[in-house]
$ cat work-v8.pdb   # PDB, C-alpha atoms
ATOM      1  CA  MET A   1      79.717  30.666  75.637
ATOM      2  CA  LEU A   2      75.977  30.000  75.758
ATOM      3  CA  LYS A   3      75.682  32.216  78.844
ATOM      4  CA  THR A   4      77.378  35.104  77.006
ATOM      5  CA  LEU A   5      75.101  34.750  73.985
ATOM      6  CA  ARG A   6      71.986  34.769  76.216
ATOM      7  CA  GLN A   7      73.162  37.957  77.917
ATOM      8  CA  ILE A   8      73.790  39.616  74.552
ATOM      9  CA  ALA A   9      70.302  38.607  73.377
ATOM     10  CA  SER A  10      68.643  39.924  76.552
ATOM     11  CA  VAL A  11      70.443  43.304  76.507
ATOM     12  CA  GLY A  12      70.094  43.969  72.779
ATOM     13  CA  ILE A  13      72.010  46.528  70.767
ATOM     14  CA  VAL A  14      73.344  49.451  72.773
ATOM     15  CA  SER A  15      74.927  52.368  70.940
ATOM     16  CA  GLU A  16      75.376  56.095  71.202
ATOM     17  CA  CYS A  17      73.593  58.679  69.097
ATOM     18  CA  PRO A  18      75.649  59.886  66.136
ATOM     19  CA  PRO A  19      77.448  63.218  66.669
ATOM     20  CA  GLU A  20      76.039  66.426  65.237
ATOM     21  CA  PRO A  21      77.575  67.516  61.912
ATOM     22  CA  ASP A  22      80.625  69.734  62.307
ATOM     23  CA  ALA A  23      80.297  73.315  61.057
ATOM     24  CA  GLY A  24      83.785  73.053  59.574
ATOM     25  CA  PHE A  25      82.497  70.688  56.895
ATOM     26  CA  ALA A  26      80.073  73.356  55.641
ATOM     27  CA  VAL A  27      83.068  75.648  55.090
ATOM     28  CA  GLY A  28      84.732  72.871  53.095
ATOM     29  CA  ASP A  29      81.684  72.446  50.858
ATOM     30  CA  GLN A  30      81.512  76.191  50.239
ATOM     31  CA  LEU A  31      85.213  76.223  49.508
ATOM     32  CA  GLN A  32      84.943  73.500  46.880
ATOM     33  CA  GLU A  33      82.048  75.282  45.157
ATOM     34  CA  HIS A  34      83.928  78.599  45.073
ATOM     35  CA  ILE A  35      87.149  77.019  43.804
ATOM     36  CA  ARG A  36      85.366  75.351  40.912
ATOM     37  CA  ALA A  37      83.354  78.516  40.126
ATOM     38  CA  VAL A  38      86.323  80.908  40.235
ATOM     39  CA  LEU A  39      89.158  78.788  38.857
ATOM     40  CA  GLY A  40      87.394  75.901  37.157
ATOM     41  CA  ARG A  41      90.142  73.603  38.468
ATOM     42  CA  ALA A  42      92.138  72.819  41.592
ATOM     43  CA  LEU A  43      93.470  75.632  43.754
ATOM     44  CA  CYS A  44      97.259  75.469  44.014
ATOM     45  CA  ILE A  45      98.828  76.873  47.191
ATOM     46  CA  ARG A  46     102.476  77.696  47.846
ATOM     47  CA  HIS A  47     103.248  77.847  51.568
ATOM     48  CA  ILE A  48     106.021  80.188  52.713
ATOM     49  CA  ASP A  49     107.459  80.160  56.222
ATOM     50  CA  ALA A  50     108.829  83.691  56.576
ATOM     51  CA  GLY A  51     110.196  83.151  60.077
ATOM     52  CA  SER A  52     107.489  81.548  62.199
ATOM     53  CA  CYS A  53     107.711  79.347  65.289
ATOM     54  CA  ASN A  54     106.038  76.471  63.317
ATOM     55  CA  GLY A  55     102.794  76.617  65.321
ATOM     56  CA  CYS A  56     100.862  77.741  62.238
ATOM     57  CA  GLU A  57     102.586  75.086  60.131
ATOM     58  CA  LEU A  58     101.196  72.369  62.407
ATOM     59  CA  GLU A  59      97.674  73.669  61.771
ATOM     60  CA  ILE A  60      98.342  73.920  58.030
ATOM     61  CA  HIS A  61      99.562  70.315  58.015
ATOM     62  CA  ALA A  62      96.342  69.355  59.817
ATOM     63  CA  LEU A  63      94.463  70.577  56.739
ATOM     64  CA  ASN A  64      95.874  67.581  54.863
ATOM     65  CA  ASN A  65      94.602  64.996  57.369
ATOM     66  CA  PRO A  66      91.471  62.900  56.705
ATOM     67  CA  ILE A  67      89.246  65.270  58.697
ATOM     68  CA  TYR A  68      89.763  68.322  56.471
ATOM     69  CA  ASN A  69      90.992  66.456  53.339
ATOM     70  CA  LEU A  70      92.154  69.376  51.209
ATOM     71  CA  GLU A  71      93.000  67.116  48.268
ATOM     72  CA  GLY A  72      89.371  65.993  48.199
ATOM     73  CA  LEU A  73      88.252  69.630  48.081
ATOM     74  CA  GLY A  74      90.369  70.379  45.030
ATOM     75  CA  ILE A  75      93.167  72.158  46.911
ATOM     76  CA  ARG A  76      96.785  71.105  46.734
ATOM     77  CA  PHE A  77     100.130  72.413  47.842
ATOM     78  CA  VAL A  78     102.776  72.953  45.176
ATOM     79  CA  ALA A  79     106.545  73.326  45.411
ATOM     80  CA  SER A  80     106.948  76.108  42.868
ATOM     81  CA  PRO A  81     105.411  79.589  43.048
ATOM     82  CA  ARG A  82     105.101  79.450  39.245
ATOM     83  CA  HIS A  83     102.350  76.835  39.679
ATOM     84  CA  ALA A  84     100.583  78.606  42.564
ATOM     85  CA  ASP A  85      97.358  80.589  42.646
ATOM     86  CA  LEU A  86      97.608  81.516  46.340
ATOM     87  CA  LEU A  87     100.517  82.200  48.690
ATOM     88  CA  LEU A  88     100.008  81.107  52.304
ATOM     89  CA  VAL A  89     102.532  83.061  54.408
ATOM     90  CA  THR A  90     103.244  82.383  58.092
ATOM     91  CA  GLY A  91     105.354  84.204  60.650
ATOM     92  CA  PRO A  92     106.808  87.676  60.892
ATOM     93  CA  VAL A  93     108.996  88.337  57.872
ATOM     94  CA  SER A  94     112.610  88.083  58.966
ATOM     95  CA  ARG A  95     115.141  90.347  57.219
ATOM     96  CA  HIS A  96     116.772  87.267  55.692
ATOM     97  CA  MET A  97     113.442  86.130  54.165
ATOM     98  CA  GLU A  98     112.382  89.548  52.843
ATOM     99  CA  ALA A  99     114.058  89.212  49.426
ATOM    100  CA  ALA A 100     112.984  85.560  49.057
ATOM    101  CA  LEU A 101     109.358  86.462  49.840
ATOM    102  CA  LYS A 102     109.395  89.280  47.279
ATOM    103  CA  ARG A 103     110.898  86.981  44.632
ATOM    104  CA  THR A 104     108.311  84.307  45.383
ATOM    105  CA  TYR A 105     105.518  86.869  45.080
ATOM    106  CA  GLU A 106     106.878  88.139  41.770
ATOM    107  CA  ALA A 107     107.224  84.571  40.425
ATOM    108  CA  THR A 108     103.578  83.776  41.156
ATOM    109  CA  PRO A 109     101.408  84.288  38.056
ATOM    110  CA  ASP A 110      98.585  86.841  38.045
ATOM    111  CA  PRO A 111      95.996  86.951  39.499
ATOM    112  CA  LYS A 112      97.773  86.087  42.722
ATOM    113  CA  LEU A 113      96.248  85.887  46.171
ATOM    114  CA  VAL A 114      98.098  86.192  49.478
ATOM    115  CA  VAL A 115      96.805  84.950  52.838
ATOM    116  CA  ALA A 116      98.748  85.924  55.986
ATOM    117  CA  ILE A 117      98.374  83.275  58.693
ATOM    118  CA  GLY A 118      98.679  83.783  62.455
ATOM    119  CA  ASP A 119      99.175  86.801  64.669
ATOM    120  CA  CYS A 120     102.790  87.116  63.548
ATOM    121  CA  GLY A 121     101.851  87.207  59.868
ATOM    122  CA  CYS A 122      98.998  89.661  60.472
ATOM    123  CA  THR A 123     100.558  92.097  62.959
ATOM    124  CA  GLY A 124     104.154  91.023  63.532
ATOM    125  CA  GLY A 125     103.105  89.340  66.790
ATOM    126  CA  VAL A 126     105.452  89.571  69.747
ATOM    127  CA  PHE A 127     108.371  90.189  67.392
ATOM    128  CA  GLY A 128     107.029  93.369  65.787
ATOM    129  CA  GLU A 129     109.425  95.362  63.636
ATOM    130  CA  GLY A 130     113.084  95.623  64.473
ATOM    131  CA  TYR A 131     116.609  95.025  63.275
ATOM    132  CA  ALA A 132     115.903  91.333  62.514
ATOM    133  CA  SER A 133     112.204  91.473  61.591
ATOM    134  CA  CYS A 134     110.211  93.375  58.975
ATOM    135  CA  GLY A 135     107.062  92.652  60.988
ATOM    136  CA  ARG A 136     103.773  91.781  59.313
ATOM    137  CA  VAL A 137     103.611  90.237  55.851
ATOM    138  CA  SER A 138     101.815  93.297  54.418
ATOM    139  CA  ASN A 139     104.965  95.361  55.089
ATOM    140  CA  VAL A 140     106.700  93.346  52.351
ATOM    141  CA  ILE A 141     104.001  92.175  49.887
ATOM    142  CA  PRO A 142     100.290  92.982  49.422
ATOM    143  CA  VAL A 143      97.962  90.789  51.498
ATOM    144  CA  ASN A 144      94.388  89.885  50.488
ATOM    145  CA  VAL A 145      93.283  88.124  53.684
ATOM    146  CA  ALA A 146      94.666  88.074  57.220
ATOM    147  CA  VAL A 147      93.796  85.119  59.491
ATOM    148  CA  PRO A 148      94.720  86.009  63.099
ATOM    149  CA  GLY A 149      95.245  83.508  65.887
ATOM    150  CA  CYS A 150      98.171  81.970  67.670
ATOM    151  CA  PRO A 151      97.887  79.595  65.885
ATOM    152  CA  PRO A 152      94.564  79.789  64.026
ATOM    153  CA  SER A 153      92.565  76.571  63.801
ATOM    154  CA  PRO A 154      92.415  74.647  60.512
ATOM    155  CA  GLY A 155      88.771  75.723  60.175
ATOM    156  CA  ARG A 156      89.763  79.379  60.372
ATOM    157  CA  ILE A 157      92.513  78.829  57.819
ATOM    158  CA  LEU A 158      89.945  77.229  55.491
ATOM    159  CA  ALA A 159      87.641  80.205  56.062
ATOM    160  CA  GLY A 160      90.527  82.547  55.185
ATOM    161  CA  ILE A 161      91.191  80.680  51.953
ATOM    162  CA  LEU A 162      87.472  80.845  51.133
ATOM    163  CA  THR A 163      87.460  84.581  51.813
ATOM    164  CA  ALA A 164      90.474  85.106  49.554
ATOM    165  CA  ILE A 165      88.830  83.237  46.697
ATOM    166  CA  SER A 166      85.462  84.953  47.191
ATOM    167  CA  ASP A 167      86.716  88.534  47.084
ATOM    168  CA  SER A 168      90.331  89.381  46.387
ATOM    169  CA  SER A 169      89.777  93.110  45.858
ATOM    170  CA  LYS A 170      90.488  94.243  49.415
ATOM    171  CA  VAL A 171      92.155  93.127  52.633
ATOM    172  CA  ARG A 172      89.836  91.128  54.874
ATOM    173  CA  ILE A 173      90.240  89.668  58.332
ATOM    174  CA  ALA A 174      88.808  86.180  58.729
ATOM    175  CA  SER A 175      88.453  86.386  62.491
ATOM    176  CA  ALA A 176      85.191  84.558  63.175
ATOM    177  CA  GLU A 177      84.931  80.796  63.575
ATOM    178  CA  PRO A 178      83.248  79.222  60.537
ATOM    179  CA  ALA A 179      79.490  78.966  60.865
TER     180      ALA A 179
END

$ encode --input "work-v8.pdb" --output "structure tokens"
Amino acid sequence: MLKTLRQIASVGIVSECPPEPDAGFAVGDQLQEHIRAVLGRALCIRHIDAGSCNGCELEIHALNNPIYNLEGLGIRFVASPRHADLLLVTGPVSRHMEAALKRTYEATPDPKLVVAIGDCGCTGGVFGEGYASCGRVSNVIPVNVAVPGCPPSPGRILAGILTAISDSSKVRIASAEPA
């Protein structure tokens, strides 16, 4: 034991340099400031899977992990569209989900924001429009922000939410990685 303690004393403390701050955290800080400025309270999101492969859902679920910590930013997911401020829609809209998506949109109180997530939600993806698919989300309901990617990263989804809150007057594409 004494030999081990002598070796520890002779070597000293050895550690790595801390990592550089992640740019994704700056997006989170901006998001919290905008949410409080625009709404004055928490942002409530209703997620709708309109027919996706669940790749985007995995990234959305990652937003709730300790790294992104949406609850800490004042963002929460709600079960009812009547309590939502923003609809987060993934996947190409299947014909069976078309009426449900319209009803959900109509049940959301004004002013309502819609963010289309993933290539399928933005353009219809590989499914396009056909007998079983309406294609992109904007073919069924108005979209404020489109976040492309297959699937987009949680940072890009956060940037899309920030874009929707910042300016909901026109359709935007949040295509760049957060800076």

$ axis_aligned_box --input "work-v8.pdb" --around "stretch 107-123 of chain A" --padding-each-side "5 Å" --output "lines of an AutoDock Vina configuration file"
center_x = 101.6
center_y = 87.7
center_z = 51.4
size_x = 21.2
size_y = 18.8
size_z = 36.6

$ atom_distance --input "work-v8.pdb" --atom1 "atom CA of A:Ala84" --atom2 "atom CA of A:Lys112"
8.0 Å

$ resolve_selection --input "work-v8.pdb" --expression "the PyMOL selection byres ((chain A and resi 127) around 12)" --output "PyMOL selection string"
chain A and resi 51-53+91-94+119-126+128-136

$ resolve_selection --input "work-v8.pdb" --expression "the PyMOL selection byres ((chain A and resi 86-89) around 9)" --output "ChimeraX atom specification"
/A:43-50,81,84-85,90-91,101,104-105,108,111-118,121,137,161,164-165

$ write_last_selection --input "work-v8.pdb" --atoms "C-alpha atoms" --output "PDB file, in the frame of the given file"
ATOM      1  CA  LEU A  43      93.470  75.632  43.754  1.00  0.00           C
ATOM      2  CA  CYS A  44      97.259  75.469  44.014  1.00  0.00           C
ATOM      3  CA  ILE A  45      98.828  76.873  47.191  1.00  0.00           C
ATOM      4  CA  ARG A  46     102.476  77.696  47.846  1.00  0.00           C
ATOM      5  CA  HIS A  47     103.248  77.847  51.568  1.00  0.00           C
ATOM      6  CA  ILE A  48     106.021  80.188  52.713  1.00  0.00           C
ATOM      7  CA  ASP A  49     107.459  80.160  56.222  1.00  0.00           C
ATOM      8  CA  ALA A  50     108.829  83.691  56.576  1.00  0.00           C
ATOM      9  CA  PRO A  81     105.411  79.589  43.048  1.00  0.00           C
ATOM     10  CA  ALA A  84     100.583  78.606  42.564  1.00  0.00           C
ATOM     11  CA  ASP A  85      97.358  80.589  42.646  1.00  0.00           C
ATOM     12  CA  THR A  90     103.244  82.383  58.092  1.00  0.00           C
ATOM     13  CA  GLY A  91     105.354  84.204  60.650  1.00  0.00           C
ATOM     14  CA  LEU A 101     109.358  86.462  49.840  1.00  0.00           C
ATOM     15  CA  THR A 104     108.311  84.307  45.383  1.00  0.00           C
ATOM     16  CA  TYR A 105     105.518  86.869  45.080  1.00  0.00           C
ATOM     17  CA  THR A 108     103.578  83.776  41.156  1.00  0.00           C
ATOM     18  CA  PRO A 111      95.996  86.951  39.499  1.00  0.00           C
ATOM     19  CA  LYS A 112      97.773  86.087  42.722  1.00  0.00           C
ATOM     20  CA  LEU A 113      96.248  85.887  46.171  1.00  0.00           C
ATOM     21  CA  VAL A 114      98.098  86.192  49.478  1.00  0.00           C
ATOM     22  CA  VAL A 115      96.805  84.950  52.838  1.00  0.00           C
ATOM     23  CA  ALA A 116      98.748  85.924  55.986  1.00  0.00           C
ATOM     24  CA  ILE A 117      98.374  83.275  58.693  1.00  0.00           C
ATOM     25  CA  GLY A 118      98.679  83.783  62.455  1.00  0.00           C
ATOM     26  CA  GLY A 121     101.851  87.207  59.868  1.00  0.00           C
ATOM     27  CA  VAL A 137     103.611  90.237  55.851  1.00  0.00           C
ATOM     28  CA  ILE A 161      91.191  80.680  51.953  1.00  0.00           C
ATOM     29  CA  ALA A 164      90.474  85.106  49.554  1.00  0.00           C
ATOM     30  CA  ILE A 165      88.830  83.237  46.697  1.00  0.00           C
TER      31      ILE A 165
END

$ atom_distance --input "work-v8.pdb" --atom1 "atom CA of A:Ala62" --atom2 "atom CA of A:Arg76"
13.2 Å

$ atom_distance --input "work-v8.pdb" --atom1 "atom CA of A:Pro154" --atom2 "atom CA of A:Glu20"
18.9 Å

$ resolve_selection --input "work-v8.pdb" --expression "the PyMOL selection byres ((chain A and resi 63-71) around 10)" --output "ChimeraX atom specification"
/A:24-25,28,31-32,42-43,57-62,72-77,153-155,157-158

$ closest_residue --input "work-v8.pdb" --among "A:Ser10, A:Thr163, A:Asn54, A:Ser15" --to "A:Val145" --atoms "all atoms listed in the file"
A:Thr163

$ decode --input "work-v8.pdb" --residues "stretch 34-73 of chain A" --atoms "N, CA and C atoms" --output "tab-separated table (two decimals), in the first residue's frame"
chain	number	residue	atom	x	y	z
A	34	HIS	N	-36.36	33.35	-25.81
A	34	HIS	CA	-37.46	33.63	-26.74
A	34	HIS	C	-38.79	33.12	-26.20
A	35	ILE	N	-38.80	31.95	-25.60
A	35	ILE	CA	-40.04	31.40	-25.05
A	35	ILE	C	-40.60	32.33	-23.99
A	36	ARG	N	-39.76	32.76	-23.08
A	36	ARG	CA	-40.22	33.65	-22.01
A	36	ARG	C	-40.66	35.01	-22.58
A	37	ALA	N	-39.95	35.52	-23.60
A	37	ALA	CA	-40.30	36.82	-24.17
A	37	ALA	C	-41.62	36.75	-24.95
A	38	VAL	N	-41.81	35.69	-25.72
A	38	VAL	CA	-43.00	35.59	-26.57
A	38	VAL	C	-44.22	35.13	-25.79
A	39	LEU	N	-44.07	34.06	-25.01
A	39	LEU	CA	-45.22	33.48	-24.33
A	39	LEU	C	-45.35	33.91	-22.87
A	40	GLY	N	-44.23	34.22	-22.23
A	40	GLY	CA	-44.25	34.55	-20.82
A	40	GLY	C	-44.45	33.34	-19.93
A	41	ARG	N	-44.39	32.15	-20.49
A	41	ARG	CA	-44.59	30.91	-19.74
A	41	ARG	C	-43.96	29.77	-20.53
A	42	ALA	N	-44.23	28.56	-20.12
A	42	ALA	CA	-43.68	27.38	-20.80
A	42	ALA	C	-44.31	27.21	-22.18
A	43	LEU	N	-43.52	26.69	-23.09
A	43	LEU	CA	-44.02	26.33	-24.42
A	43	LEU	C	-44.56	24.91	-24.36
A	44	CYS	N	-45.79	24.72	-24.78
A	44	CYS	CA	-46.41	23.40	-24.77
A	44	CYS	C	-46.47	22.85	-26.19
A	45	ILE	N	-45.91	21.65	-26.38
A	45	ILE	CA	-45.82	21.04	-27.70
A	45	ILE	C	-46.67	19.78	-27.74
A	46	ARG	N	-47.42	19.62	-28.81
A	46	ARG	CA	-48.16	18.38	-29.08
A	46	ARG	C	-47.47	17.71	-30.26
A	47	HIS	N	-46.95	16.51	-30.05
A	47	HIS	CA	-46.28	15.77	-31.12
A	47	HIS	C	-47.30	14.90	-31.83
A	48	ILE	N	-47.25	14.89	-33.16
A	48	ILE	CA	-48.14	14.07	-33.97
A	48	ILE	C	-47.31	13.25	-34.94
A	49	ASP	N	-47.45	11.95	-34.86
A	49	ASP	CA	-46.82	11.04	-35.81
A	49	ASP	C	-47.85	10.78	-36.91
A	50	ALA	N	-47.62	11.37	-38.08
A	50	ALA	CA	-48.59	11.27	-39.17
A	50	ALA	C	-48.31	10.10	-40.10
A	51	GLY	N	-47.37	9.24	-39.73
A	51	GLY	CA	-47.06	8.09	-40.56
A	51	GLY	C	-45.58	7.88	-40.78
A	52	SER	N	-44.77	8.25	-39.80
A	52	SER	CA	-43.32	8.18	-39.97
A	52	SER	C	-42.77	6.79	-39.66
A	53	CYS	N	-41.47	6.64	-39.89
A	53	CYS	CA	-40.77	5.38	-39.61
A	53	CYS	C	-40.25	5.33	-38.19
A	54	ASN	N	-40.47	6.38	-37.39
A	54	ASN	CA	-40.05	6.54	-36.00
A	54	ASN	C	-38.60	6.97	-35.84
A	55	GLY	N	-37.90	7.27	-36.92
A	55	GLY	CA	-36.54	7.79	-36.81
A	55	GLY	C	-36.54	9.18	-36.19
A	56	CYS	N	-37.47	10.03	-36.63
A	56	CYS	CA	-37.58	11.38	-36.07
A	56	CYS	C	-38.03	11.35	-34.62
A	57	GLU	N	-38.88	10.38	-34.28
A	57	GLU	CA	-39.35	10.27	-32.90
A	57	GLU	C	-38.20	9.98	-31.95
A	58	LEU	N	-37.24	9.17	-32.39
A	58	LEU	CA	-36.08	8.88	-31.54
A	58	LEU	C	-35.30	10.17	-31.24
A	59	GLU	N	-35.17	11.03	-32.23
A	59	GLU	CA	-34.46	12.30	-32.02
A	59	GLU	C	-35.28	13.24	-31.15
A	60	ILE	N	-36.60	13.22	-31.30
A	60	ILE	CA	-37.46	14.04	-30.45
A	60	ILE	C	-37.38	13.57	-29.00
A	61	HIS	N	-37.36	12.25	-28.80
A	61	HIS	CA	-37.23	11.72	-27.44
A	61	HIS	C	-35.87	12.09	-26.85
A	62	ALA	N	-34.85	12.22	-27.69
A	62	ALA	CA	-33.53	12.63	-27.20
A	62	ALA	C	-33.56	14.05	-26.65
A	63	LEU	N	-34.51	14.85	-27.09
A	63	LEU	CA	-34.63	16.21	-26.56
A	63	LEU	C	-34.98	16.22	-25.07
A	64	ASN	N	-35.56	15.14	-24.59
A	64	ASN	CA	-35.94	15.06	-23.18
A	64	ASN	C	-34.84	14.48	-22.29
A	65	ASN	N	-33.70	14.08	-22.88
A	65	ASN	CA	-32.63	13.51	-22.06
A	65	ASN	C	-31.87	14.62	-21.33
A	66	PRO	N	-30.98	14.27	-20.41
A	66	PRO	CA	-30.28	15.29	-19.62
A	66	PRO	C	-29.39	16.22	-20.44
A	67	ILE	N	-29.01	15.84	-21.64
A	67	ILE	CA	-28.14	16.71	-22.45
A	67	ILE	C	-28.91	17.93	-22.94
A	68	TYR	N	-30.10	17.73	-23.49
A	68	TYR	CA	-30.89	18.83	-24.03
A	68	TYR	C	-31.88	19.39	-23.01
A	69	ASN	N	-32.43	18.57	-22.13
A	69	ASN	CA	-33.23	18.98	-20.99
A	69	ASN	C	-34.31	20.01	-21.34
A	70	LEU	N	-35.25	19.62	-22.16
A	70	LEU	CA	-36.32	20.53	-22.57
A	70	LEU	C	-37.13	21.06	-21.40
A	71	GLU	N	-37.39	20.23	-20.41
A	71	GLU	CA	-38.16	20.68	-19.25
A	71	GLU	C	-37.45	21.85	-18.57
A	72	GLY	N	-36.13	21.79	-18.51
A	72	GLY	CA	-35.36	22.87	-17.90
A	72	GLY	C	-35.40	24.15	-18.72
A	73	LEU	N	-35.68	24.03	-20.01
A	73	LEU	CA	-35.76	25.21	-20.88
A	73	LEU	C	-37.16	25.82	-20.90
